[in-house]
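Heads up, query_7.csv below (CSV, C-alpha atoms and all ligand atoms):
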chain,number,residue,atom,x,y,z
A,1,MET,CA,57.3,-168.0,30.2
A,2,LYS,CA,58.6,-170.3,27.4
A,3,ALA,CA,59.9,-173.7,28.5
A,4,LEU,CA,60.9,-177.0,27.0
A,5,VAL,CA,58.5,-179.4,28.6
A,6,LYS,CA,58.1,-183.2,28.7
A,7,GLU,CA,54.3,-182.8,28.5
A,8,ARG,CA,53.3,-186.4,27.9
A,9,ALA,CA,54.6,-189.9,28.5
A,10,GLU,CA,55.8,-190.5,25.0
A,11,PRO,CA,58.8,-189.5,22.8
A,12,GLY,CA,59.3,-185.8,22.2
A,13,LEU,CA,59.6,-182.4,23.9
A,14,TRP,CA,57.2,-179.5,23.7
A,15,LEU,CA,58.1,-175.7,23.7
A,16,THR,CA,55.2,-174.2,25.6
A,17,ASP,CA,54.1,-171.5,27.9
A,18,VAL,CA,54.2,-172.3,31.6
A,19,PRO,CA,53.9,-170.1,34.8
A,20,GLU,CA,57.1,-168.5,36.0
A,21,PRO,CA,58.4,-170.3,39.1
A,22,GLN,CA,57.7,-168.8,42.5
A,23,ILE,CA,60.5,-168.4,45.1
A,24,GLY,CA,60.5,-169.1,48.8
A,25,PRO,CA,62.5,-167.2,51.4
A,26,GLY,CA,65.7,-169.2,50.8
A,27,ASP,CA,65.4,-169.3,47.0
A,28,VAL,CA,66.8,-167.4,44.1
A,29,LEU,CA,65.1,-166.6,40.8
A,30,ILE,CA,67.4,-166.8,37.8
A,31,LYS,CA,66.8,-165.5,34.2
A,32,VAL,CA,68.3,-168.3,32.1
A,33,LEU,CA,70.8,-167.2,29.4
A,34,ARG,CA,72.3,-170.4,28.0
A,35,THR,CA,71.8,-174.1,28.7
A,36,GLY,CA,73.7,-177.3,27.8
A,37,ILE,CA,72.1,-180.4,26.4
A,38,CYS,CA,73.0,-183.5,28.4
A,39,GLY,CA,72.7,-187.2,27.7
A,40,THR,CA,70.0,-187.2,30.5
A,41,ASP,CA,67.9,-184.7,28.4
A,42,LEU,CA,68.3,-187.0,25.3
A,43,HIS,CA,67.0,-190.0,27.4
A,44,ILE,CA,64.0,-188.0,28.5
A,45,ARG,CA,63.3,-186.8,25.0
A,46,SER,CA,63.5,-190.3,23.5
A,47,TRP,CA,61.5,-191.7,26.4
A,48,ASP,CA,63.6,-194.8,27.0
A,49,GLY,CA,63.3,-197.4,29.8
A,50,TRP,CA,65.2,-195.2,32.3
A,51,ALA,CA,63.1,-192.1,31.5
A,52,ARG,CA,59.9,-194.0,31.8
A,53,GLN,CA,60.6,-195.1,35.4
A,54,ALA,CA,62.4,-191.8,36.5
A,55,ILE,CA,60.2,-189.0,35.1
A,56,ARG,CA,56.7,-187.8,36.0
A,57,THR,CA,55.0,-185.6,33.4
A,58,PRO,CA,54.6,-182.7,32.9
A,59,LEU,CA,58.2,-181.6,33.6
A,60,VAL,CA,60.4,-178.7,32.6
A,61,ILE,CA,63.6,-180.5,31.7
A,62,GLY,CA,67.3,-179.4,31.8
A,63,HIS,CA,69.9,-178.9,34.5
A,64,GLU,CA,73.0,-177.4,32.8
A,65,PHE,CA,72.7,-173.6,32.7
A,66,VAL,CA,74.0,-170.1,33.3
A,67,GLY,CA,71.8,-167.2,34.1
A,68,GLU,CA,71.5,-163.9,35.9
A,69,VAL,CA,69.8,-163.5,39.3
A,70,VAL,CA,66.7,-161.4,39.0
A,71,GLU,CA,65.2,-161.9,42.5
A,72,THR,CA,66.3,-163.3,45.9
A,73,GLY,CA,64.2,-164.6,48.8
A,74,ARG,CA,64.3,-162.6,52.0
A,75,ASP,CA,66.7,-165.0,53.8
A,76,VAL,CA,69.3,-165.0,51.0
A,77,THR,CA,72.3,-163.0,52.0
A,78,ASP,CA,75.3,-163.6,49.8
A,79,ILE,CA,73.7,-163.6,46.3
A,80,ALA,CA,72.6,-160.4,44.7
A,81,VAL,CA,70.4,-159.4,41.8
A,82,GLY,CA,72.6,-159.2,38.7
A,83,ASP,CA,75.0,-161.9,39.7
A,84,ARG,CA,75.9,-164.3,37.0
A,85,VAL,CA,75.3,-167.9,38.3
A,86,SER,CA,75.1,-171.5,37.4
A,87,GLY,CA,73.4,-174.2,39.6
A,88,GLU,CA,74.3,-177.4,41.3
A,89,GLY,CA,71.6,-179.7,39.8
A,90,HIS,CA,71.6,-182.2,42.8
A,91,LEU,CA,69.2,-180.9,45.4
A,92,VAL,CA,70.1,-182.6,48.7
A,93,CYS,CA,67.9,-183.4,51.7
A,94,GLY,CA,69.9,-181.6,54.4
A,95,THR,CA,69.0,-184.1,57.1
A,96,CYS,CA,70.7,-187.4,56.3
A,97,ARG,CA,74.0,-188.4,58.0
A,98,ASN,CA,76.1,-187.3,55.0
A,99,CYS,CA,74.3,-184.0,54.6
A,100,LEU,CA,74.7,-183.2,58.3
A,101,ALA,CA,78.4,-184.1,58.1
A,102,GLY,CA,78.8,-181.6,55.2
A,103,ARG,CA,79.3,-184.4,52.6
A,104,ARG,CA,76.3,-183.2,50.6
A,105,HIS,CA,77.5,-184.9,47.4
A,106,LEU,CA,76.9,-188.2,49.2
A,107,CYS,CA,73.3,-187.4,50.2
A,108,ARG,CA,71.1,-190.5,50.0
A,109,ALA,CA,68.0,-188.6,48.9
A,110,THR,CA,69.2,-186.4,46.1
A,111,VAL,CA,66.6,-184.8,43.7
A,112,GLY,CA,67.7,-183.9,40.2
A,113,LEU,CA,66.9,-180.5,38.7
A,114,GLY,CA,65.0,-181.2,35.4
A,115,VAL,CA,64.5,-184.8,36.5
A,116,GLY,CA,62.8,-184.9,39.8
A,117,ARG,CA,61.6,-181.2,39.7
A,118,ASP,CA,61.2,-178.5,37.1
A,119,GLY,CA,64.5,-177.6,35.4
A,120,ALA,CA,66.4,-175.0,33.5
A,121,PHE,CA,65.3,-175.3,29.9
A,122,ALA,CA,63.1,-172.2,30.4
A,123,GLU,CA,63.3,-168.5,30.5
A,124,TYR,CA,63.4,-168.6,34.4
A,125,VAL,CA,64.5,-171.2,36.9
A,126,ALA,CA,64.2,-171.1,40.7
A,127,LEU,CA,66.8,-172.8,43.0
A,128,PRO,CA,67.6,-172.8,46.7
A,129,ALA,CA,70.4,-170.3,47.3
A,130,SER,CA,72.5,-173.3,48.7
A,131,ASN,CA,72.5,-174.7,45.1
A,132,VAL,CA,73.6,-171.6,43.4
A,133,TRP,CA,77.2,-171.0,42.2
A,134,VAL,CA,78.1,-167.3,41.7
A,135,HIS,CA,80.7,-166.9,38.9
A,136,ARG,CA,83.1,-164.6,40.8
A,137,VAL,CA,85.9,-165.5,38.3
A,138,PRO,CA,84.9,-164.2,34.9
A,139,VAL,CA,83.9,-167.0,32.6
A,140,GLY,CA,82.4,-167.1,29.1
A,141,LEU,CA,78.6,-167.9,28.8
A,142,ASP,CA,79.0,-171.2,26.9
A,143,ILE,CA,81.5,-172.6,29.4
A,144,ALA,CA,79.4,-171.3,32.4
A,145,ALA,CA,76.4,-173.1,30.9
A,146,ILE,CA,78.2,-176.4,31.2
A,147,PHE,CA,79.6,-176.1,34.7
A,148,ASP,CA,77.5,-179.2,35.7
A,149,PRO,CA,79.2,-181.7,33.3
A,150,PHE,CA,82.5,-179.9,33.6
A,151,GLY,CA,82.1,-180.6,37.3
A,152,ASN,CA,81.6,-184.3,36.6
A,153,ALA,CA,84.9,-184.2,34.6
A,154,VAL,CA,86.8,-182.3,37.3
A,155,HIS,CA,85.4,-184.5,40.1
A,156,THR,CA,86.5,-187.6,38.3
A,157,ALA,CA,89.8,-186.4,37.0
A,158,LEU,CA,90.9,-185.0,40.3
A,159,SER,CA,89.9,-188.2,42.2
A,160,PHE,CA,93.5,-189.4,42.2
A,161,PRO,CA,96.9,-187.5,41.9
A,162,LEU,CA,97.8,-187.0,38.2
A,163,VAL,CA,101.2,-185.3,38.3
A,164,GLY,CA,103.6,-187.2,36.1
A,165,GLU,CA,101.1,-190.1,35.7
A,166,ASP,CA,100.0,-191.9,32.6
A,167,VAL,CA,96.3,-191.5,32.3
A,168,LEU,CA,93.8,-193.5,30.2
A,169,ILE,CA,90.4,-191.9,29.5
A,170,THR,CA,87.8,-194.2,27.8
A,171,GLY,CA,85.1,-192.2,26.0
A,172,ALA,CA,85.6,-188.8,24.2
A,173,GLY,CA,82.1,-187.5,24.8
A,174,PRO,CA,81.9,-184.0,26.2
A,175,ILE,CA,82.8,-185.2,29.7
A,176,GLY,CA,85.8,-187.3,28.6
A,177,LEU,CA,87.1,-184.4,26.5
A,178,MET,CA,86.9,-182.0,29.5
A,179,ALA,CA,88.5,-184.6,31.7
A,180,ALA,CA,91.4,-184.9,29.2
A,181,ALA,CA,91.9,-181.1,29.3
A,182,VAL,CA,91.9,-181.2,33.1
A,183,ALA,CA,94.4,-184.1,33.2
A,184,ARG,CA,96.8,-182.4,30.9
A,185,HIS,CA,96.5,-179.1,32.8
A,186,ALA,CA,97.0,-180.9,36.1
A,187,GLY,CA,100.4,-182.3,35.0
A,188,ALA,CA,99.8,-185.8,33.7
A,189,ARG,CA,102.6,-187.2,31.6
A,190,ASN,CA,100.6,-189.0,29.0
A,191,VAL,CA,96.9,-188.6,28.4
A,192,VAL,CA,95.4,-191.3,26.1
A,193,VAL,CA,91.8,-190.9,25.1
A,194,THR,CA,89.8,-193.7,23.4
A,195,ASP,CA,86.6,-193.7,21.5
A,196,VAL,CA,85.0,-195.3,18.4
A,197,SER,CA,84.0,-192.0,16.8
A,198,GLU,CA,86.7,-190.4,14.6
A,199,GLU,CA,85.0,-186.9,14.9
A,200,ARG,CA,85.2,-187.1,18.7
A,201,LEU,CA,88.8,-188.3,18.6
A,202,GLU,CA,89.6,-185.3,16.5
A,203,LEU,CA,88.2,-183.0,19.2
A,204,ALA,CA,90.5,-184.9,21.7
A,205,ARG,CA,93.5,-184.0,19.4
A,206,LYS,CA,92.4,-180.4,19.5
A,207,ILE,CA,92.7,-180.6,23.3
A,208,GLY,CA,96.2,-181.7,22.9
A,209,VAL,CA,96.1,-185.3,24.2
A,210,SER,CA,99.2,-187.5,23.8
A,211,LEU,CA,97.2,-190.1,21.8
A,212,ALA,CA,93.6,-190.3,20.6
A,213,LEU,CA,92.9,-193.9,19.9
A,214,ASP,CA,90.1,-195.4,17.8
A,215,VAL,CA,89.5,-198.7,19.7
A,216,SER,CA,87.4,-200.1,16.8
A,217,ARG,CA,90.7,-200.2,14.8
A,218,ARG,CA,93.5,-200.5,17.3
A,219,SER,CA,93.9,-201.9,20.8
A,220,ILE,CA,94.9,-199.9,24.0
A,221,ALA,CA,97.9,-202.2,24.2
A,222,ASP,CA,99.0,-200.8,20.7
A,223,GLY,CA,98.6,-197.3,22.1
A,224,GLN,CA,100.8,-198.2,25.1
A,225,ARG,CA,103.5,-199.5,22.8
A,226,GLU,CA,103.3,-196.4,20.6
A,227,LEU,CA,104.0,-194.2,23.6
A,228,GLY,CA,106.6,-196.5,25.1
A,229,LEU,CA,104.7,-197.3,28.2
A,230,ARG,CA,106.0,-200.5,29.7
A,231,GLU,CA,103.9,-201.2,32.8
A,232,GLY,CA,100.4,-199.9,32.0
A,233,PHE,CA,98.4,-196.8,33.0
A,234,ASP,CA,98.6,-195.4,36.5
A,235,VAL,CA,95.2,-193.7,36.4
A,236,GLY,CA,92.0,-194.6,34.4
A,237,LEU,CA,89.0,-192.4,34.0
A,238,GLU,CA,86.0,-194.4,32.6
A,239,MET,CA,83.8,-191.9,30.7
A,240,SER,CA,81.9,-194.1,28.2
A,241,GLY,CA,79.6,-196.3,30.2
A,242,SER,CA,80.7,-199.1,27.9
A,243,PRO,CA,81.4,-202.6,29.4
A,244,VAL,CA,84.0,-203.2,26.8
A,245,ALA,CA,85.8,-200.0,27.7
A,246,MET,CA,85.8,-200.8,31.4
A,247,ARG,CA,87.2,-204.3,30.7
A,248,ASP,CA,89.9,-203.0,28.4
A,249,MET,CA,90.8,-200.4,31.0
A,250,ILE,CA,91.2,-202.9,33.8
A,251,ALA,CA,93.4,-205.1,31.5
A,252,ASN,CA,95.7,-202.1,30.7
A,253,MET,CA,96.3,-200.8,34.2
A,254,THR,CA,99.6,-201.0,36.1
A,255,HIS,CA,99.7,-202.8,39.4
A,256,GLY,CA,98.3,-200.5,42.1
A,257,GLY,CA,96.5,-198.5,39.4
A,258,LYS,CA,93.5,-196.3,40.2
A,259,ILE,CA,90.3,-196.1,38.3
A,260,ALA,CA,87.6,-193.4,38.7
A,261,MET,CA,84.4,-194.5,37.0
A,262,LEU,CA,81.9,-191.9,35.9
A,263,GLY,CA,80.3,-193.6,32.8
A,264,LEU,CA,77.0,-195.2,33.6
A,265,PRO,CA,76.6,-198.7,32.2
A,266,ALA,CA,73.0,-199.5,31.1
A,267,GLN,CA,73.2,-202.9,32.7
A,268,GLU,CA,75.3,-205.2,34.8
A,269,PHE,CA,78.4,-206.8,33.1
A,270,PRO,CA,81.1,-209.3,34.0
A,271,VAL,CA,84.5,-208.0,35.2
A,272,ASP,CA,87.8,-209.8,35.6
A,273,TRP,CA,87.8,-209.4,39.4
A,274,ALA,CA,90.8,-211.7,39.8
A,275,ARG,CA,92.8,-209.2,37.8
A,276,VAL,CA,91.5,-206.3,39.9
A,277,VAL,CA,92.5,-208.2,43.1
A,278,THR,CA,95.9,-209.5,41.9
A,279,SER,CA,96.8,-206.1,40.4
A,280,MET,CA,95.5,-204.3,43.5
A,281,ILE,CA,93.5,-201.9,41.4
A,282,THR,CA,91.3,-199.3,43.2
A,283,ILE,CA,88.0,-198.5,41.6
A,284,LYS,CA,86.0,-195.5,42.7
A,285,GLY,CA,82.5,-194.6,41.5
A,286,VAL,CA,81.9,-190.9,40.9
A,287,TYR,CA,78.4,-189.3,40.8
A,288,GLY,CA,77.9,-185.6,40.3
A,289,ARG,CA,80.1,-183.0,41.8
A,290,GLU,CA,81.4,-182.3,45.3
A,291,MET,CA,79.5,-179.3,46.7
A,292,PHE,CA,81.2,-177.0,46.4
A,293,GLU,CA,84.8,-178.1,46.3
A,294,THR,CA,84.5,-179.2,42.7
A,295,TRP,CA,82.9,-175.9,41.7
A,296,TYR,CA,85.8,-174.0,43.3
A,297,ALA,CA,88.3,-176.2,41.4
A,298,MET,CA,86.5,-175.6,38.1
A,299,SER,CA,86.6,-171.8,38.6
A,300,VAL,CA,90.3,-171.7,39.5
A,301,LEU,CA,91.3,-174.1,36.7
A,302,LEU,CA,89.6,-171.7,34.2
A,303,GLU,CA,91.2,-168.7,35.9
A,304,ARG,CA,94.6,-170.3,35.1
A,305,ASP,CA,93.8,-170.8,31.4
A,306,LEU,CA,92.3,-174.3,31.2
A,307,ASP,CA,90.9,-174.2,27.6
A,308,LEU,CA,87.6,-176.0,27.1
A,309,ALA,CA,86.7,-174.2,23.8
A,310,PRO,CA,87.1,-177.3,21.6
A,311,VAL,CA,84.4,-179.1,23.6
A,312,ILE,CA,81.6,-176.8,22.5
A,313,THR,CA,80.6,-177.6,18.9
A,314,GLY,CA,77.1,-176.0,18.4
A,315,ARG,CA,74.9,-173.3,19.7
A,316,TYR,CA,71.2,-172.8,18.7
A,317,PRO,CA,68.4,-170.4,19.7
A,318,TYR,CA,66.0,-172.2,22.0
A,319,ARG,CA,63.3,-172.1,19.4
A,320,ASP,CA,65.5,-174.4,17.2
A,321,HIS,CA,65.5,-177.0,19.9
A,322,GLU,CA,64.7,-179.8,17.5
A,323,ALA,CA,67.8,-179.2,15.4
A,324,ALA,CA,69.9,-178.7,18.6
A,325,PHE,CA,68.7,-182.0,20.1
A,326,ALA,CA,69.3,-183.8,16.7
A,327,ASP,CA,72.8,-182.5,16.7
A,328,ALA,CA,73.4,-183.6,20.3
A,329,ALA,CA,71.9,-187.0,19.7
A,330,SER,CA,74.1,-187.6,16.6
A,331,GLY,CA,77.0,-188.4,19.0
A,332,ARG,CA,79.5,-186.9,16.7
A,333,GLY,CA,80.3,-183.5,18.1
A,334,GLY,CA,80.9,-182.1,21.6
A,335,LYS,CA,78.6,-180.1,23.8
A,336,ILE,CA,75.5,-178.4,22.2
A,337,ILE,CA,74.3,-175.1,23.8
A,338,LEU,CA,70.8,-173.7,23.7
A,339,ASP,CA,70.7,-169.9,23.8
A,340,TRP,CA,67.7,-168.5,25.8
A,341,ALA,CA,68.5,-164.9,25.2
A,342,ALA,CA,68.5,-165.2,21.3
B,401,LIG,N1,78.2,-190.4,37.2
B,401,LIG,C1,77.7,-189.2,36.9
B,401,LIG,O1,77.4,-188.3,37.7
B,401,LIG,C2,77.4,-188.9,35.4
B,401,LIG,C3,77.0,-187.6,35.1
B,401,LIG,C4,76.9,-187.4,33.7
B,401,LIG,C5,77.1,-188.4,32.8
B,401,LIG,N2,77.5,-189.6,33.2
B,401,LIG,C6,77.9,-190.7,32.3
B,401,LIG,O2,79.2,-190.4,31.9
B,401,LIG,C7,79.4,-190.9,30.6
B,401,LIG,C8,80.0,-189.8,29.7
B,401,LIG,O3,79.1,-188.7,29.5
B,401,LIG,P1,79.0,-187.9,28.1
B,401,LIG,O4,77.9,-187.0,28.2
B,401,LIG,O5,80.4,-187.5,27.7
B,401,LIG,O6,78.6,-189.2,27.2
B,401,LIG,P2,78.6,-189.5,25.7
B,401,LIG,O7,77.6,-190.6,25.5
B,401,LIG,O8,78.4,-188.3,24.9
B,401,LIG,O9,80.1,-190.1,25.4
B,401,LIG,C9,80.4,-191.4,25.6
B,401,LIG,C10,81.5,-191.8,24.5
B,401,LIG,O10,81.9,-193.1,24.7
B,401,LIG,C11,82.2,-193.6,23.5
B,401,LIG,N3,82.4,-195.1,23.5
B,401,LIG,C12,81.5,-196.1,23.3
B,401,LIG,N4,82.1,-197.3,23.4
B,401,LIG,C13,83.4,-197.1,23.7
B,401,LIG,C14,84.5,-197.9,23.9
B,401,LIG,N5,84.4,-199.2,23.9
B,401,LIG,N6,85.7,-197.3,24.2
B,401,LIG,C15,85.8,-196.0,24.3
B,401,LIG,N7,84.8,-195.1,24.1
B,401,LIG,C16,83.6,-195.7,23.8
B,401,LIG,C17,81.0,-193.2,22.6
B,401,LIG,O11,81.4,-193.2,21.2
B,401,LIG,C18,80.9,-191.7,23.1
B,401,LIG,O12,81.6,-190.8,22.3
B,401,LIG,C19,78.1,-191.5,30.1
B,401,LIG,O13,78.1,-192.8,30.3
B,401,LIG,C20,77.1,-190.8,31.0
B,401,LIG,O14,75.9,-191.5,31.2
B,401,LIG,C21,77.7,-189.9,34.5
B,402,ZN,ZN,74.1,-183.0,32.5
B,403,ZN,ZN,70.9,-185.8,52.5

Represent the structure from my file as structure tokens, please.
Ligand SMILES: NC(=O)c1ccc[n+]([C@@H]2O[C@H](COP(=O)([O-])OP(=O)(O)OC[C@H]3O[C@@H](n4cnc5c(N)ncnc54)[C@H](O)[C@@H]3O)[C@@H](O)[C@H]2O)c1
Ligand SMILES: [Zn+2]
Ligand SMILES: [Zn+2]
Amino acid sequence: MKALVKERAEPGLWLTDVPEPQIGPGDVLIKVLRTGICGTDLHIRSWDGWARQAIRTPLVIGHEFVGEVVETGRDVTDIAVGDRVSGEGHLVCGTCRNCLAGRRHLCRATVGLGVGRDGAFAEYVALPASNVWVHRVPVGLDIAAIFDPFGNAVHTALSFPLVGEDVLITGAGPIGLMAAAVARHAGARNVVVTDVSEERLELARKIGVSLALDVSRRSIADGQRELGLREGFDVGLEMSGSPVAMRDMIANMTHGGKIAMLGLPAQEFPVDWARVVTSMITIKGVYGREMFETWYAMSVLLERDLDLAPVITGRYPYRDHEAAFADAASGRGGKIILDWAA
């Protein structure tokens, strides 16, 4: 089968023929229809410091996908050939304290699809049935392809109650944009999204946020004044990984404010901890999705007309992966989809 492979320990990706994956008794074989390009895939392609220490070549990359089940192992009972599915990309150990307690998202030995084992940028992918999400609520293929990052957005956005609250989201990348859509849908009063890219802020406006703020030109405090906020934001969702954004967020929270932090900073940075303490701010780190509570929430949000269409800004046949990756790496648009059926 065709697959997008990190063949060698150097920048680049190679579209090559590899053997189809074999499945065990508890696994499912999926014909991949569409995939989403993630920041992780860009890191692996450019072969940066993180990728060099995290990746062993050769590796089929990719973890955001939708496909159709073509084969099930003999022990698989509730998934059938023909089901439309996406996959939870964190494969858990099943034996640590958190796994045994049913808190699989807190597993201490998670292996990443397309990072620690062969992934989904291929014509077929194999997964344990316990990692497969069947789309029982009808959902378009592009949106189904990005259930993984959509799950990051939902997990983060629903970390704290949002009804009637003023919400600050730093970073209008695909995940920040989806979190903004969720926050609006979930009943926030104001949703303010910041970025330094005018194109991405324009996408945030399409989602219908209260204010899309270019922080290279105006401060978050300016934004607060424009909206008539007097005491700061109730909930913050950090979705940029930028130290400046995190510091600005802390400085603009109300007393007792809650911050859910998904953005992954590249290195340590100083934080005004005295402000965190005296303002009694809660900061929660968020990694991945809750299995499968987040997946359930995603499906039912879409069933009740959550609109993510503005987040998807490009779709390419998999053979045009170079152009697709260049588009994704430009940092100007939203999610870029690779079509494996085209
Ligand atoms: N914790 C997890 O499980 C998890 C999973 C996926 C991604 N991530 C991280 O979440 C973040 C969002 O993911 P994404 O794919 O949307 O990333 P992205 O890189 O596409 O988007 C980040 C955005 O932040 C903007 N930004 C930069 N500096 C800023 C500032 N000072 N203020 C406001 N915005 C600023 C950038 O212009 C960019 O548009 C990234 O840091 C990513 O590494 C975490
Ligand atoms: Zn991803
Ligand atoms: Zn575990």

Checklist outcome for this item: With distances taken over all atoms listed in the file, the candidate from A:Glu7, A:Asp327, A:Asp83, A:Glu20 nearest Ile44 in chain A is A:Glu7

Next on the checklist: Let me see if you get this right: every residue at most 12 Å from ligand ZN 403 (chain B), counting only C-alpha atoms and all ligand atoms, written as a PyMOL selection string.
Outcome noted: chain A and resi 90-111

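For the choices A:Pro138, A:Gly24, A:Gly89, A:Gly173, the atom-to-atom distance to Val115 in chain A is smallest for A:Gly89 when using all atoms listed in the file.
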
Checklist entry - Distance CA of Ile79 in chain A-CA of Glu293 in chain A, one decimal place? => result 18.3 Å

Item to check | For CA of Leu211 in chain A and CA of Ile175 in chain A, the interatomic separation in Å (one decimal) | outcome: 17.1 Å

Checklist entry - Which of these residues is nearest to ligand LIG 401 (chain B), using all atoms listed in the file: A:Ala126, A:Val277, A:Ala204, A:Ile143? => result A:Ala204

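With atom C8 of ligand LIG 401 (chain B) on one side and CA of Asn152 in chain A on the other, the separation reads 9.0 Å.
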
Checklist entry - So which residues touch range 245-250 of chain A within 9 Å, counting only C-alpha atoms, skipping near sequence neighbours fewer than 5 positions away, as a PyMOL selection string? => result chain A and resi 168-171+194-195+215+219-220+233+236-240+257+259+261+270-272+275-276+281

What's the 6 Å shell around range 314-321 of chain A, counting all atoms listed in the file, without same-chain residues fewer than 4 positions away, as an mmCIF file with C-alpha atoms, keeping the file's coordinate frame?
data_model
loop_
_atom_site.group_PDB
_atom_site.id
_atom_site.type_symbol
_atom_site.label_atom_id
_atom_site.label_comp_id
_atom_site.auth_asym_id
_atom_site.auth_seq_id
_atom_site.Cartn_x
_atom_site.Cartn_y
_atom_site.Cartn_z
ATOM 1 C CA PHE A 325 68.700 -182.000 20.100
ATOM 2 C CA ILE A 336 75.500 -178.400 22.200
ATOM 3 C CA ILE A 337 74.300 -175.100 23.800
ATOM 4 C CA LEU A 338 70.800 -173.700 23.700
ATOM 5 C CA ASP A 339 70.700 -169.900 23.800
ATOM 6 C CA TRP A 340 67.700 -168.500 25.800
ATOM 7 C CA ALA A 342 68.500 -165.200 21.300
#

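Residues in contact with ligand ZN 402 (chain B) (atom pairs separated by at most 7 Å; all atoms listed in the file) are Ile37, Cys38, Gly39, Thr40, His63, Glu64, Asp148 and Pro149 of chain A.
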
Next on the checklist: For a quick check of understanding, using only C-alpha atoms, which of A:Thr278, A:Ser330, A:Thr57, A:Ser197 has the smallest distance to Arg217 in chain A?
Outcome noted: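 Using only C-alpha atoms, Arg217 in chain A sits closest to A:Ser197.
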
Item to check | For Arg189 in chain A, the nearest of the candidates A:Gly116, A:Gly334, A:Gly164, A:Pro58, counting only C-alpha atoms | outcome: A:Gly164

Close residues, Asp41 in chain A itself excluded, 7 Å, all atoms listed in the file, min 4 positions apart in chain, as a compact mmCIF listing (two decimals) with C-alpha atoms, keeping the file's coordinate frame:
# COMPACT_ATOMS: atom_id res chain seq x y z
CA ILE A 37 72.10 -180.40 26.40
CA ARG A 45 63.30 -186.80 25.00
CA ILE A 61 63.60 -180.50 31.70
CA GLY A 62 67.30 -179.40 31.80

Next on the checklist: Please determine, counting only C-alpha atoms and all ligand atoms, which residue among A:Val235, A:Leu15, A:Val193, A:Ala51 has the shortest atom-to-atom distance to ligand LIG 401 (chain B).
Outcome noted: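 Using only C-alpha atoms and all ligand atoms, the shortest distance to ligand LIG 401 (chain B) belongs to A:Val193.
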
Item to check | Non-local contacts of Ser130 in chain A (9 Å; all atoms listed in the file; under 5 positions in same chain excluded) as number ranges by chain | outcome: A: 26-27, 88, 91

Checklist entry - Can you tell me, as a VMD selection string, what residues are no more than 6 Å from range 28-32 of chain A when counting all atoms listed in the file, ignoring any on the same chain fewer than 3 positions away? => result chain A and resid 67 to 72 123 to 127 129
